[in-house]
>>> print(open('entry31.cif').read())   # mmCIF, C-alpha atoms
data_work
#
loop_
_atom_site.label_atom_id
_atom_site.label_comp_id
_atom_site.auth_asym_id
_atom_site.auth_seq_id
_atom_site.Cartn_x
_atom_site.Cartn_y
_atom_site.Cartn_z
CA MET A 1190 -58.98 -53.70 -1.56
CA SER A 1191 -57.47 -56.89 -0.16
CA PHE A 1192 -59.13 -60.28 0.14
CA ASN A 1193 -59.26 -59.97 3.92
CA ALA A 1194 -61.00 -56.60 3.67
CA PHE A 1195 -64.18 -58.14 2.29
CA PRO A 1196 -66.95 -58.86 4.83
CA GLN A 1197 -66.69 -62.64 5.15
CA ALA A 1198 -70.47 -63.18 5.12
CA SER A 1199 -70.79 -61.24 1.87
CA LEU A 1200 -67.77 -62.99 0.41
CA ALA A 1201 -69.09 -66.44 1.27
CA HIS A 1202 -72.61 -65.74 -0.04
CA THR A 1203 -71.43 -64.27 -3.35
CA LEU A 1204 -68.73 -66.80 -4.12
CA ILE A 1205 -70.60 -69.89 -2.95
CA SER A 1206 -73.43 -69.02 -5.34
CA LEU A 1207 -70.80 -69.15 -8.10
CA GLY A 1208 -69.47 -72.56 -7.05
CA TRP A 1209 -66.81 -71.55 -4.52
CA ASP A 1210 -65.92 -74.24 -1.99
CA ASP A 1211 -63.25 -75.10 0.58
CA ALA A 1212 -60.99 -76.65 -2.05
CA TRP A 1213 -61.04 -73.47 -4.15
CA ALA A 1214 -60.39 -71.41 -1.02
CA ALA A 1215 -57.36 -73.54 -0.18
CA GLU A 1216 -56.02 -73.14 -3.73
CA PHE A 1217 -56.46 -69.39 -3.45
CA THR A 1218 -54.57 -69.00 -0.15
CA PRO A 1219 -51.24 -67.81 -1.64
CA TYR A 1220 -53.04 -65.21 -3.76
CA ALA A 1221 -55.03 -63.98 -0.77
CA GLU A 1222 -51.73 -63.40 1.04
CA GLN A 1223 -50.71 -61.16 -1.87
CA GLY A 1224 -53.83 -59.04 -1.42
CA LEU A 1225 -55.53 -60.36 -4.56
CA VAL A 1226 -59.30 -60.84 -4.77
CA PRO A 1227 -61.06 -64.06 -5.88
CA GLY A 1228 -63.72 -63.96 -8.54
CA ARG A 1229 -65.21 -65.98 -11.36
CA VAL A 1230 -64.77 -64.98 -14.99
CA VAL A 1231 -68.17 -64.31 -16.55
CA ARG A 1232 -67.04 -63.02 -19.97
CA VAL A 1233 -63.84 -62.56 -21.98
CA ASP A 1234 -63.37 -60.23 -24.93
CA ARG A 1235 -60.58 -58.21 -26.57
CA GLY A 1236 -57.91 -58.86 -23.98
CA GLN A 1237 -60.15 -58.01 -21.05
CA CYS A 1238 -62.65 -59.90 -18.94
CA ASP A 1239 -65.50 -59.33 -16.54
CA VAL A 1240 -64.94 -61.01 -13.19
CA LEU A 1241 -67.73 -61.41 -10.64
CA THR A 1242 -66.34 -60.83 -7.14
CA ALA A 1243 -67.83 -60.19 -3.73
CA GLU A 1244 -67.83 -56.47 -4.51
CA GLY A 1245 -69.53 -56.92 -7.87
CA ILE A 1246 -68.33 -57.04 -11.47
CA VAL A 1247 -64.70 -56.06 -12.00
CA ARG A 1248 -63.42 -55.23 -15.47
CA ALA A 1249 -59.85 -56.48 -15.64
CA ASP A 1250 -57.02 -56.69 -18.14
CA THR A 1251 -55.72 -60.19 -18.99
CA ALA A 1252 -52.21 -59.20 -20.10
CA PHE A 1253 -50.62 -61.23 -17.29
CA VAL A 1254 -52.45 -64.44 -18.33
CA THR A 1255 -52.16 -64.36 -22.12
CA PRO A 1256 -49.65 -67.11 -23.02
CA HIS A 1257 -48.91 -68.36 -26.53
CA ASP A 1258 -50.70 -71.63 -25.77
CA PRO A 1259 -54.40 -71.02 -26.62
CA LEU A 1260 -55.44 -73.64 -24.06
CA ARG A 1261 -53.94 -71.57 -21.25
CA VAL A 1262 -55.65 -68.26 -21.92
CA ILE A 1263 -58.23 -67.00 -19.44
CA CYS A 1264 -61.67 -68.45 -20.11
CA THR A 1265 -65.28 -68.07 -19.01
CA GLY A 1266 -65.73 -70.17 -15.89
CA ASP A 1267 -62.18 -69.71 -14.60
CA TRP A 1268 -61.58 -68.71 -10.99
CA ALA A 1269 -59.34 -65.66 -11.16
CA ALA A 1270 -57.01 -63.82 -8.78
CA VAL A 1271 -57.66 -60.14 -9.43
CA GLU A 1272 -55.62 -57.09 -8.50
CA THR A 1273 -58.33 -54.53 -7.83
CA ALA A 1274 -56.13 -51.64 -6.69
CA GLY A 1275 -55.31 -49.06 -9.34
CA ASN A 1276 -56.54 -48.53 -12.85
CA PRO A 1277 -56.54 -50.60 -14.96
CA ARG A 1278 -57.20 -53.69 -12.87
CA TYR A 1279 -55.49 -56.96 -13.73
CA VAL A 1280 -56.09 -60.69 -13.56
CA LYS A 1281 -52.76 -61.90 -12.19
CA ALA A 1282 -53.50 -65.65 -12.34
CA TYR A 1283 -56.27 -68.22 -12.45
CA LEU A 1284 -56.68 -71.36 -10.37
CA PRO A 1285 -55.98 -74.82 -11.87
CA ARG A 1286 -59.03 -75.99 -13.81
CA ARG A 1287 -60.99 -79.00 -12.64
CA THR A 1288 -62.56 -79.55 -16.05
CA ALA A 1289 -62.25 -77.87 -19.45
CA PHE A 1290 -64.38 -78.17 -22.58
CA VAL A 1291 -62.00 -78.03 -25.57
CA ARG A 1292 -62.52 -78.41 -29.31
CA SER A 1293 -60.07 -78.08 -32.19
CA THR A 1294 -60.06 -74.83 -34.13
CA SER A 1295 -60.61 -74.61 -37.84
CA SER A 1296 -57.07 -73.30 -38.33
CA GLN A 1297 -54.50 -75.22 -40.31
CA ARG A 1298 -52.42 -75.50 -37.14
CA SER A 1299 -55.16 -77.59 -35.50
CA GLU A 1300 -54.92 -75.78 -32.21
CA GLY A 1301 -57.29 -76.40 -29.35
CA GLN A 1302 -59.86 -73.82 -28.29
CA ILE A 1303 -61.16 -73.84 -24.73
CA LEU A 1304 -64.85 -72.96 -24.58
CA ALA A 1305 -65.60 -73.21 -20.85
CA ALA A 1306 -63.78 -74.08 -17.64
CA ASN A 1307 -64.75 -75.77 -14.37
CA VAL A 1308 -67.97 -77.24 -15.73
CA ASP A 1309 -69.99 -79.99 -14.02
CA HIS A 1310 -72.71 -80.54 -16.65
CA ALA A 1311 -72.35 -80.26 -20.44
CA ILE A 1312 -75.83 -79.65 -21.88
CA ILE A 1313 -76.00 -80.52 -25.57
CA ALA A 1314 -79.02 -78.76 -27.07
CA VAL A 1315 -80.46 -80.48 -30.16
CA SER A 1316 -83.43 -79.04 -32.05
CA LEU A 1317 -86.34 -81.30 -32.98
CA ALA A 1318 -87.34 -78.77 -35.66
CA VAL A 1319 -84.91 -80.45 -38.08
CA GLU A 1320 -83.78 -84.01 -38.77
CA LEU A 1321 -81.55 -85.42 -36.06
CA ASP A 1322 -77.84 -85.49 -36.86
CA LEU A 1323 -76.70 -88.40 -34.69
CA GLY A 1324 -73.10 -88.07 -35.85
CA ARG A 1325 -72.93 -84.49 -34.59
CA ILE A 1326 -74.42 -85.53 -31.26
CA GLU A 1327 -71.69 -88.17 -30.95
CA ARG A 1328 -69.05 -85.49 -31.57
CA PHE A 1329 -70.44 -83.23 -28.86
CA LEU A 1330 -70.65 -86.18 -26.48
CA ALA A 1331 -67.03 -87.18 -27.11
CA LEU A 1332 -65.83 -83.67 -26.27
CA ALA A 1333 -68.12 -83.52 -23.23
CA TRP A 1334 -66.87 -86.81 -21.79
CA GLU A 1335 -63.27 -85.80 -22.51
CA SER A 1336 -63.79 -82.51 -20.64
CA GLY A 1337 -64.56 -84.30 -17.39
CA ALA A 1338 -68.13 -82.97 -17.24
CA GLN A 1339 -71.29 -85.07 -17.17
CA PRO A 1340 -73.07 -84.83 -20.54
CA LEU A 1341 -76.80 -84.27 -20.86
CA VAL A 1342 -78.69 -84.21 -24.18
CA VAL A 1343 -81.66 -81.84 -24.30
CA LEU A 1344 -84.01 -82.20 -27.27
CA THR A 1345 -85.49 -78.71 -27.66
CA LYS A 1346 -88.69 -77.56 -29.39
CA ALA A 1347 -90.48 -80.76 -28.39
CA ASP A 1348 -93.82 -79.03 -29.03
CA LEU A 1349 -93.06 -79.31 -32.77
CA VAL A 1350 -93.38 -83.12 -32.48
CA PRO A 1351 -96.93 -83.53 -31.12
CA ASP A 1352 -97.20 -87.27 -31.81
CA PRO A 1353 -96.02 -89.15 -28.68
CA ALA A 1354 -94.99 -92.24 -30.65
CA THR A 1355 -92.81 -90.22 -33.03
CA LEU A 1356 -91.26 -88.31 -30.14
CA GLY A 1357 -90.57 -91.58 -28.35
CA HIS A 1358 -88.73 -93.00 -31.38
CA LEU A 1359 -86.58 -89.87 -31.63
CA VAL A 1360 -85.68 -90.09 -27.96
CA GLN A 1361 -84.83 -93.77 -28.35
CA ASP A 1362 -82.53 -92.99 -31.32
CA VAL A 1363 -80.62 -90.45 -29.22
CA GLU A 1364 -80.46 -92.74 -26.20
CA THR A 1365 -78.88 -95.43 -28.39
CA THR A 1366 -76.38 -92.83 -29.59
CA ALA A 1367 -75.65 -91.64 -26.06
CA PRO A 1368 -75.14 -94.62 -23.72
CA GLY A 1369 -74.98 -93.60 -20.08
CA VAL A 1370 -76.35 -90.11 -20.83
CA GLN A 1371 -79.71 -88.74 -19.75
CA VAL A 1372 -81.89 -87.50 -22.62
CA LEU A 1373 -84.58 -84.89 -21.92
CA THR A 1374 -87.30 -83.45 -24.15
CA VAL A 1375 -87.93 -79.78 -23.49
CA SER A 1376 -90.19 -77.10 -24.89
CA SER A 1377 -89.50 -73.53 -23.85
CA HIS A 1378 -92.83 -72.64 -25.50
CA THR A 1379 -94.98 -74.93 -23.33
CA GLY A 1380 -92.62 -75.28 -20.38
CA GLU A 1381 -92.37 -79.06 -20.82
CA GLY A 1382 -89.26 -80.47 -19.18
CA THR A 1383 -87.84 -77.15 -18.01
CA ASP A 1384 -88.52 -77.98 -14.35
CA VAL A 1385 -86.58 -81.25 -14.65
CA LEU A 1386 -83.71 -79.48 -16.40
CA GLY A 1387 -83.76 -76.71 -13.81
CA ALA A 1388 -83.39 -79.26 -11.03
CA ILE A 1389 -80.39 -80.82 -12.77
CA VAL A 1390 -78.55 -77.54 -13.34
CA GLY A 1391 -79.58 -76.15 -9.95
CA SER A 1392 -76.25 -77.18 -8.48
CA GLY A 1393 -72.81 -76.79 -9.97
CA THR A 1394 -71.87 -75.19 -13.27
CA SER A 1395 -73.44 -76.13 -16.62
CA VAL A 1396 -72.35 -75.17 -20.12
CA LEU A 1397 -74.96 -74.91 -22.88
CA LEU A 1398 -73.72 -76.18 -26.25
CA GLY A 1399 -75.15 -76.69 -29.71
CA VAL A 1400 -75.34 -75.35 -33.25
CA SER A 1401 -77.08 -72.12 -34.20
CA GLY A 1402 -80.84 -72.55 -34.14
CA ALA A 1403 -80.80 -75.25 -31.47
CA GLY A 1404 -82.73 -72.98 -29.11
CA LYS A 1405 -79.94 -72.39 -26.60
CA SER A 1406 -80.77 -68.73 -25.89
CA THR A 1407 -84.47 -69.51 -25.50
CA LEU A 1408 -83.58 -72.37 -23.17
CA ALA A 1409 -81.28 -70.10 -21.17
CA ASN A 1410 -84.09 -67.57 -20.79
CA ALA A 1411 -86.44 -70.31 -19.58
CA LEU A 1412 -83.93 -71.34 -16.91
CA LEU A 1413 -83.28 -67.72 -15.94
CA GLY A 1414 -86.98 -66.93 -15.76
CA ALA A 1415 -86.41 -63.73 -17.78
CA ASP A 1416 -85.60 -62.64 -21.31
CA VAL A 1417 -81.94 -62.02 -20.65
CA MET A 1418 -80.51 -63.59 -23.81
CA GLU A 1419 -81.47 -62.20 -27.22
CA VAL A 1420 -83.48 -64.62 -29.35
CA GLN A 1421 -83.87 -64.59 -33.16
CA ALA A 1422 -86.18 -66.69 -35.27
CA THR A 1423 -84.71 -69.63 -37.14
CA ARG A 1424 -85.16 -70.12 -40.88
CA ASP A 1425 -88.07 -72.38 -41.76
CA ILE A 1426 -86.17 -73.97 -44.65
CA ASP A 1427 -83.42 -75.60 -42.61
CA GLY A 1428 -84.01 -74.69 -38.97
CA LYS A 1429 -80.79 -72.69 -38.77
CA GLY A 1430 -80.43 -69.41 -36.96
CA ARG A 1431 -77.95 -66.58 -36.65
CA HIS A 1432 -75.50 -66.38 -33.76
CA THR A 1433 -77.68 -64.58 -31.22
CA THR A 1434 -75.03 -65.25 -28.57
CA THR A 1435 -71.66 -63.87 -29.70
CA THR A 1436 -69.62 -64.40 -26.53
CA ARG A 1437 -69.51 -67.02 -23.80
CA ASN A 1438 -71.41 -65.67 -20.80
CA LEU A 1439 -71.64 -67.00 -17.26
CA LEU A 1440 -75.08 -66.51 -15.74
CA VAL A 1441 -76.22 -67.13 -12.15
CA LEU A 1442 -79.51 -69.03 -12.12
CA PRO A 1443 -82.21 -67.83 -9.70
CA GLY A 1444 -82.86 -71.35 -8.43
CA GLY A 1445 -79.19 -72.06 -7.82
CA GLY A 1446 -76.40 -73.13 -10.09
CA VAL A 1447 -74.45 -71.37 -12.80
CA LEU A 1448 -75.00 -71.52 -16.56
CA ILE A 1449 -72.44 -70.72 -19.28
CA ASP A 1450 -74.16 -69.89 -22.56
CA THR A 1451 -72.08 -70.23 -25.73
CA PRO A 1452 -72.41 -69.09 -29.35
CA GLY A 1453 -73.67 -71.63 -31.86
CA LEU A 1454 -70.83 -73.86 -33.03
CA ARG A 1455 -70.47 -74.29 -36.80
CA GLY A 1456 -67.76 -76.90 -36.39
CA VAL A 1457 -67.29 -79.50 -33.69
CA GLY A 1458 -63.74 -80.72 -34.21
CA LEU A 1459 -62.23 -83.27 -31.85
CA PHE A 1460 -59.10 -82.35 -29.91
CA ASP A 1461 -57.22 -85.22 -28.27
CA ALA A 1462 -60.49 -86.88 -27.26
CA GLU A 1463 -59.73 -90.59 -27.57
CA ALA A 1464 -61.09 -91.38 -24.10
CA GLY A 1465 -64.22 -89.38 -24.86
CA VAL A 1466 -64.78 -91.29 -28.11
CA GLY A 1467 -64.38 -94.56 -26.23
CA GLN A 1468 -67.00 -93.44 -23.70
CA VAL A 1469 -69.50 -92.49 -26.42
CA PHE A 1470 -69.05 -95.86 -28.11
CA SER A 1471 -68.75 -97.87 -24.92
CA GLU A 1472 -70.65 -100.83 -26.38
CA ILE A 1473 -68.05 -101.15 -29.16
CA GLU A 1474 -65.24 -100.94 -26.61
CA ASP A 1475 -66.95 -103.74 -24.67
CA TYR A 1476 -67.17 -105.91 -27.78
CA ALA A 1477 -63.53 -105.12 -28.62
CA ALA A 1478 -62.44 -106.47 -25.24
CA GLU A 1479 -63.70 -109.89 -26.38
CA CYS A 1480 -61.74 -109.93 -29.65
CA ARG A 1481 -59.23 -112.77 -30.13
CA PHE A 1482 -56.35 -110.34 -30.72
CA HIS A 1483 -55.70 -107.43 -28.37
CA ASP A 1484 -54.65 -105.19 -31.29
CA CYS A 1485 -57.62 -106.13 -33.46
CA ALA A 1486 -58.47 -103.41 -35.98
CA HIS A 1487 -62.03 -104.75 -36.42
CA GLU A 1488 -61.60 -104.92 -40.19
CA ALA A 1489 -61.21 -108.59 -41.22
CA GLU A 1490 -59.40 -110.31 -38.35
CA PRO A 1491 -60.56 -113.79 -37.27
CA GLY A 1492 -62.28 -113.89 -33.90
CA CYS A 1493 -63.31 -110.21 -34.03
CA ALA A 1494 -66.18 -109.74 -31.58
CA VAL A 1495 -67.00 -106.31 -33.03
CA LEU A 1496 -67.56 -107.73 -36.51
CA ALA A 1497 -69.55 -110.59 -35.02
CA ALA A 1498 -71.84 -108.09 -33.29
CA LEU A 1499 -72.17 -106.22 -36.58
CA GLU A 1500 -73.10 -109.38 -38.45
CA SER A 1501 -75.66 -110.43 -35.84
CA GLY A 1502 -77.32 -107.03 -35.91
CA ALA A 1503 -76.47 -106.27 -32.27
CA LEU A 1504 -74.24 -103.41 -33.45
CA PRO A 1505 -75.65 -100.98 -36.05
CA GLU A 1506 -73.33 -100.36 -38.99
CA ARG A 1507 -73.78 -96.59 -38.63
CA ARG A 1508 -72.36 -96.72 -35.10
CA LEU A 1509 -69.28 -98.65 -36.16
CA GLU A 1510 -68.61 -96.32 -39.10
CA SER A 1511 -69.00 -93.27 -36.87
CA TYR A 1512 -66.65 -94.81 -34.29
CA ARG A 1513 -64.01 -95.45 -36.94
CA LYS A 1514 -64.40 -91.96 -38.40
CA LEU A 1515 -64.00 -90.17 -35.07
CA LEU A 1516 -61.00 -92.29 -34.07
CA ARG A 1517 -59.29 -91.52 -37.40
CA GLU A 1518 -60.03 -87.82 -37.06
CA ASN A 1519 -58.76 -87.73 -33.51
CA GLN A 1520 -55.60 -89.55 -34.50
CA ARG A 1521 -54.91 -86.99 -37.24
CA ILE A 1522 -55.39 -84.10 -34.83
CA VAL A 1523 -53.10 -85.64 -32.24
CA ALA A 1524 -50.51 -86.51 -34.89
CA LYS A 1525 -50.25 -82.88 -35.94
CA THR A 1526 -49.13 -81.94 -32.45
CA ASP A 1527 -47.29 -85.10 -31.44
CA ALA A 1528 -44.08 -85.82 -33.34
CA ARG A 1529 -43.71 -89.25 -31.75
CA LEU A 1530 -47.15 -90.35 -32.90
CA ARG A 1531 -46.48 -88.97 -36.37
CA SER A 1532 -43.37 -91.12 -36.51
CA GLU A 1533 -45.34 -94.20 -35.43
CA ILE A 1534 -48.01 -93.57 -38.07
CA ARG A 1535 -45.36 -93.21 -40.79
CA ARG A 1536 -43.69 -96.43 -39.63
CA ASP A 1537 -47.00 -98.32 -39.67
CA TRP A 1538 -47.73 -96.94 -43.12
CA ARG A 1539 -44.31 -98.10 -44.41
CA LEU A 1540 -44.84 -101.56 -42.92
CA LYS A 1541 -48.28 -101.89 -44.48
CA SER A 1542 -46.92 -100.68 -47.83
CA ALA A 1543 -44.10 -103.22 -47.68
CA GLU A 1544 -46.57 -105.96 -46.73
CA GLY A 1545 -48.79 -105.00 -49.65
CA ARG A 1546 -45.88 -105.13 -52.09
CA ALA A 1547 -44.82 -108.54 -50.72
CA ASN A 1548 -48.34 -109.94 -51.11
CA TYR A 1549 -48.54 -108.59 -54.65
CA SER A 1550 -45.18 -110.13 -55.48
CA ALA A 1551 -46.24 -113.50 -54.03
CA LYS A 1552 -49.37 -113.54 -56.17
CA ARG A 1553 -47.21 -113.00 -59.26
CA GLY A 1554 -44.94 -115.89 -58.35
CA GLY A 1555 -42.15 -113.77 -56.98
CA ARG A 1556 -42.08 -111.49 -60.05
CA VAL A 1557 -42.35 -107.74 -59.48
#
>>> encode(input="entry31.cif", output="structure tokens")
Amino acid sequence: MSFNAFPQASLAHTLISLGWDDAWAAEFTPYAEQGLVPGRVVRVDRGQCDVLTAEGIVRADTAFVTPHDPLRVICTGDWAAVETAGNPRYVKAYLPRRTAFVRSTSSQRSEGQILAANVDHAIIAVSLAVELDLGRIERFLALAWESGAQPLVVLTKADLVPDPATLGHLVQDVETTAPGVQVLTVSSHTGEGTDVLGAIVGSGTSVLLGVSGAGKSTLANALLGADVMEVQATRDIDGKGRHTTTTRNLLVLPGGGVLIDTPGLRGVGLFDAEAGVGQVFSEIEDYAAECRFHDCAHEAEPGCAVLAALESGALPERRLESYRKLLRENQRIVAKTDARLRSEIRRDWRLKSAEGRANYSAKRGGRV
């Protein structure tokens, strides 16, 4: 069935509820002329994907869009051009992504893995049933900012922290960790905060992220108003849970908006996220702009505004250490895929080694 064969009212209603707009329609024009059908990818597995179109779910083969580059494979959230005639059906192409949430894989090749495409809100679910891991939150935030989506931190299981003062301190800790990011406390058990979250995700596409046991599936069910996602109890000893969600699924919310639920992430590796790191640590970047030297490393240089803020107590030491750690990690990841940067790092290392030898020689009166 061709694109033009769909009843336009049905087409508009179905696709608009998935995030379709005039810009997507314009992008799709050449594919419509080929008789292909637009739809949004709701799930990908084993070389096939489910695509939601105006005529319903279409199961399609992805052989035409399976390149060697893992960042270019079809992904949940993509807008696809589907050939619906014949059997099997095929995804022939997907439209250029507006945003993409990418992390590095755990492989030795340090490849990127795309988790969700065309996302407006990145919801980072953090359980209050266990001690807050601020460093992990910073990692998620760096990837979220880098993706182009607007991050949102949701502290789940708020009913487990009944003392308002304690809850307030926890929220304040996360707000300090997440400048420019809204922080919500939510309890799927009592319903606290779910109406506010529902209003936020009621337009656009949101991706739900977090480790196993963060309460993502329970939160998804609360937003859906039904027990759609399977939920398993977390272990009392450490608050961890099994992967109740095993694939990335796109779900249409009854109140409007689209939600992409993801499996719990064991690792949150950065992937070329320097700008995202800078956004997470924006206060450090602001201090750095006031340093005497534009290439200040914030280690021992005179006139370093970052170290001055650290000494005065305006900048917590944990924040600076986390900033340094994430920048180093990101540089290593980029270096593995960027020969030019690798060369620059080696050159800097040789210069520093030579400088160290010269200083050592000077201290010994020119003797080596």
>>> closest_atom_pairs(input="entry31.cif", of="region 1224-1333 of chain A", to="region 1465-1486 of chain A", cutoff="9 Å", atoms="only C-alpha atoms", output="tab-separated table")
residue	atom	partner	partner_atom	distance
A:Glu1327	CA	A:Val1469	CA	6.6
A:Arg1328	CA	A:Val1466	CA	8.0
A:Leu1330	CA	A:Val1469	CA	6.4
A:Ala1331	CA	A:Gly1465	CA	4.2
A:Leu1332	CA	A:Gly1465	CA	6.1
A:Ala1333	CA	A:Gly1465	CA	7.2
>>> atom_distance(input="entry31.cif", atom1="CA of Ala1214 (chain A)", atom2="CA of Pro1256 (chain A)")
24.9 Å
>>> atom_distance(input="entry31.cif", atom1="CA of Pro1353 (chain A)", atom2="CA of Gly1391 (chain A)")
28.1 Å
>>> resolve_selection(input="entry31.cif", expression="the PyMOL selection byres ((chain A and resi 1262) around 10)", output="number ranges by chain")
A: 1233, 1236, 1251-1261, 1263-1264, 1267, 1283, 1302-1303
>>> closest_residue(input="entry31.cif", among="A:Val1523, A:Asp1348, A:Ala1270, A:Ala1249", to="Asp1234 (chain A)", atoms="all atoms listed in the file")
A:Ala1249
>>> axis_aligned_box(input="entry31.cif", around="region 1500-1516 of chain A", padding_each_side="4 Å", output="lines of an AutoDock Vina configuration file")
center_x = -69.2
center_y = -100.3
center_z = -35.7
size_x = 24.3
size_y = 28.3
size_z = 14.8
>>> resolve_selection(input="entry31.cif", expression="the PyMOL selection byres ((chain A and resi 1243) around 6)", output="NGL selection string")
:A and (1200 or 1203 or 1242 or 1244-1245)
>>> closest_residue(input="entry31.cif", among="A:Arg1286, A:Ser1406, A:Asp1461, A:Arg1507", to="Ala1524 (chain A)", atoms="only C-alpha atoms")
A:Asp1461
>>> residues_near_point(input="entry31.cif", point="(-74.5, -76.5, -35.1)", cutoff="6 Å", atoms="only C-alpha atoms", output="JSON, numbers by chain")
{"A": [1399, 1400, 1401, 1453, 1454, 1455]}
>>> resolve_selection(input="entry31.cif", expression="the PyMOL selection byres ((chain A and resi 1398) around 9)", output="number ranges by chain")
A: 1311-1315, 1329, 1396-1397, 1399-1400, 1403, 1405, 1449-1454
>>> write_last_selection(input="entry31.cif", atoms="C-alpha atoms", output="PDB file, in the frame of the given file")
ATOM      1  CA  ALA A1311     -72.350 -80.260 -20.440  1.00  0.00           C
ATOM      2  CA  ILE A1312     -75.830 -79.650 -21.880  1.00  0.00           C
ATOM      3  CA  ILE A1313     -76.000 -80.520 -25.570  1.00  0.00           C
ATOM      4  CA  ALA A1314     -79.020 -78.760 -27.070  1.00  0.00           C
ATOM      5  CA  VAL A1315     -80.460 -80.480 -30.160  1.00  0.00           C
ATOM      6  CA  PHE A1329     -70.440 -83.230 -28.860  1.00  0.00           C
ATOM      7  CA  VAL A1396     -72.350 -75.170 -20.120  1.00  0.00           C
ATOM      8  CA  LEU A1397     -74.960 -74.910 -22.880  1.00  0.00           C
ATOM      9  CA  GLY A1399     -75.150 -76.690 -29.710  1.00  0.00           C
ATOM     10  CA  VAL A1400     -75.340 -75.350 -33.250  1.00  0.00           C
ATOM     11  CA  ALA A1403     -80.800 -75.250 -31.470  1.00  0.00           C
ATOM     12  CA  LYS A1405     -79.940 -72.390 -26.600  1.00  0.00           C
ATOM     13  CA  ILE A1449     -72.440 -70.720 -19.280  1.00  0.00           C
ATOM     14  CA  ASP A1450     -74.160 -69.890 -22.560  1.00  0.00           C
ATOM     15  CA  THR A1451     -72.080 -70.230 -25.730  1.00  0.00           C
ATOM     16  CA  PRO A1452     -72.410 -69.090 -29.350  1.00  0.00           C
ATOM     17  CA  GLY A1453     -73.670 -71.630 -31.860  1.00  0.00           C
ATOM     18  CA  LEU A1454     -70.830 -73.860 -33.030  1.00  0.00           C
TER      19      LEU A1454
END
>>> residues_around(input="entry31.cif", residues="Gly1208 (chain A)", least_positions_apart="4", cutoff="10 Å", atoms="all atoms listed in the file", output="number ranges by chain")
A: 1203-1204, 1213, 1229, 1266, 1268, 1307-1308, 1392-1394, 1445-1447
>>> write_last_selection(input="entry31.cif", atoms="C-alpha atoms", output="short mmCIF file (atom, residue, chain, number, x, y, z; two decimals), in the coordinates of the input")
data_model
loop_
_atom_site.label_atom_id
_atom_site.label_comp_id
_atom_site.auth_asym_id
_atom_site.auth_seq_id
_atom_site.Cartn_x
_atom_site.Cartn_y
_atom_site.Cartn_z
CA THR A 1203 -71.43 -64.27 -3.35
CA LEU A 1204 -68.73 -66.80 -4.12
CA TRP A 1213 -61.04 -73.47 -4.15
CA ARG A 1229 -65.21 -65.98 -11.36
CA GLY A 1266 -65.73 -70.17 -15.89
CA TRP A 1268 -61.58 -68.71 -10.99
CA ASN A 1307 -64.75 -75.77 -14.37
CA VAL A 1308 -67.97 -77.24 -15.73
CA SER A 1392 -76.25 -77.18 -8.48
CA GLY A 1393 -72.81 -76.79 -9.97
CA THR A 1394 -71.87 -75.19 -13.27
CA GLY A 1445 -79.19 -72.06 -7.82
CA GLY A 1446 -76.40 -73.13 -10.09
CA VAL A 1447 -74.45 -71.37 -12.80
#
>>> atom_distance(input="entry31.cif", atom1="CA of Gly1228 (chain A)", atom2="CA of Leu1241 (chain A)")
5.2 Å
>>> closest_residue(input="entry31.cif", among="A:Gly1380, A:Ala1409, A:Val1226, A:Asp1362", to="Arg1508 (chain A)", atoms="all atoms listed in the file")
A:Asp1362
>>> closest_residue(input="entry31.cif", among="A:Thr1379, A:Glu1510, A:Trp1334, A:Asp1384", to="Ala1462 (chain A)", atoms="all atoms listed in the file")
A:Trp1334
>>> build_atoms(input="entry31.cif", residues="region 1513-1519 of chain A", atoms="N, CA, C and O atoms", output="PDB file, in the coordinates of the input")
ATOM      1  N   ARG A1513     -65.244 -95.441 -36.162  1.00  0.00           N
ATOM      2  CA  ARG A1513     -64.010 -95.450 -36.940  1.00  0.00           C
ATOM      3  C   ARG A1513     -63.648 -94.041 -37.411  1.00  0.00           C
ATOM      4  O   ARG A1513     -62.486 -93.624 -37.344  1.00  0.00           O
ATOM      5  N   LYS A1514     -64.637 -93.312 -37.876  1.00  0.00           N
ATOM      6  CA  LYS A1514     -64.400 -91.960 -38.400  1.00  0.00           C
ATOM      7  C   LYS A1514     -63.846 -91.035 -37.321  1.00  0.00           C
ATOM      8  O   LYS A1514     -62.872 -90.304 -37.549  1.00  0.00           O
ATOM      9  N   LEU A1515     -64.448 -91.061 -36.134  1.00  0.00           N
ATOM     10  CA  LEU A1515     -64.000 -90.170 -35.070  1.00  0.00           C
ATOM     11  C   LEU A1515     -62.618 -90.568 -34.559  1.00  0.00           C
ATOM     12  O   LEU A1515     -61.800 -89.699 -34.226  1.00  0.00           O
ATOM     13  N   LEU A1516     -62.338 -91.860 -34.488  1.00  0.00           N
ATOM     14  CA  LEU A1516     -61.000 -92.290 -34.070  1.00  0.00           C
ATOM     15  C   LEU A1516     -59.947 -91.838 -35.075  1.00  0.00           C
ATOM     16  O   LEU A1516     -58.860 -91.372 -34.692  1.00  0.00           O
ATOM     17  N   ARG A1517     -60.246 -91.962 -36.373  1.00  0.00           N
ATOM     18  CA  ARG A1517     -59.290 -91.520 -37.400  1.00  0.00           C
ATOM     19  C   ARG A1517     -59.069 -90.015 -37.317  1.00  0.00           C
ATOM     20  O   ARG A1517     -57.935 -89.538 -37.399  1.00  0.00           O
ATOM     21  N   GLU A1518     -60.150 -89.276 -37.162  1.00  0.00           N
ATOM     22  CA  GLU A1518     -60.030 -87.820 -37.060  1.00  0.00           C
ATOM     23  C   GLU A1518     -59.215 -87.415 -35.847  1.00  0.00           C
ATOM     24  O   GLU A1518     -58.341 -86.549 -35.924  1.00  0.00           O
ATOM     25  N   ASN A1519     -59.488 -88.068 -34.729  1.00  0.00           N
ATOM     26  CA  ASN A1519     -58.760 -87.730 -33.510  1.00  0.00           C
ATOM     27  C   ASN A1519     -57.279 -88.054 -33.651  1.00  0.00           C
ATOM     28  O   ASN A1519     -56.414 -87.301 -33.191  1.00  0.00           O
TER      29      ASN A1519
END
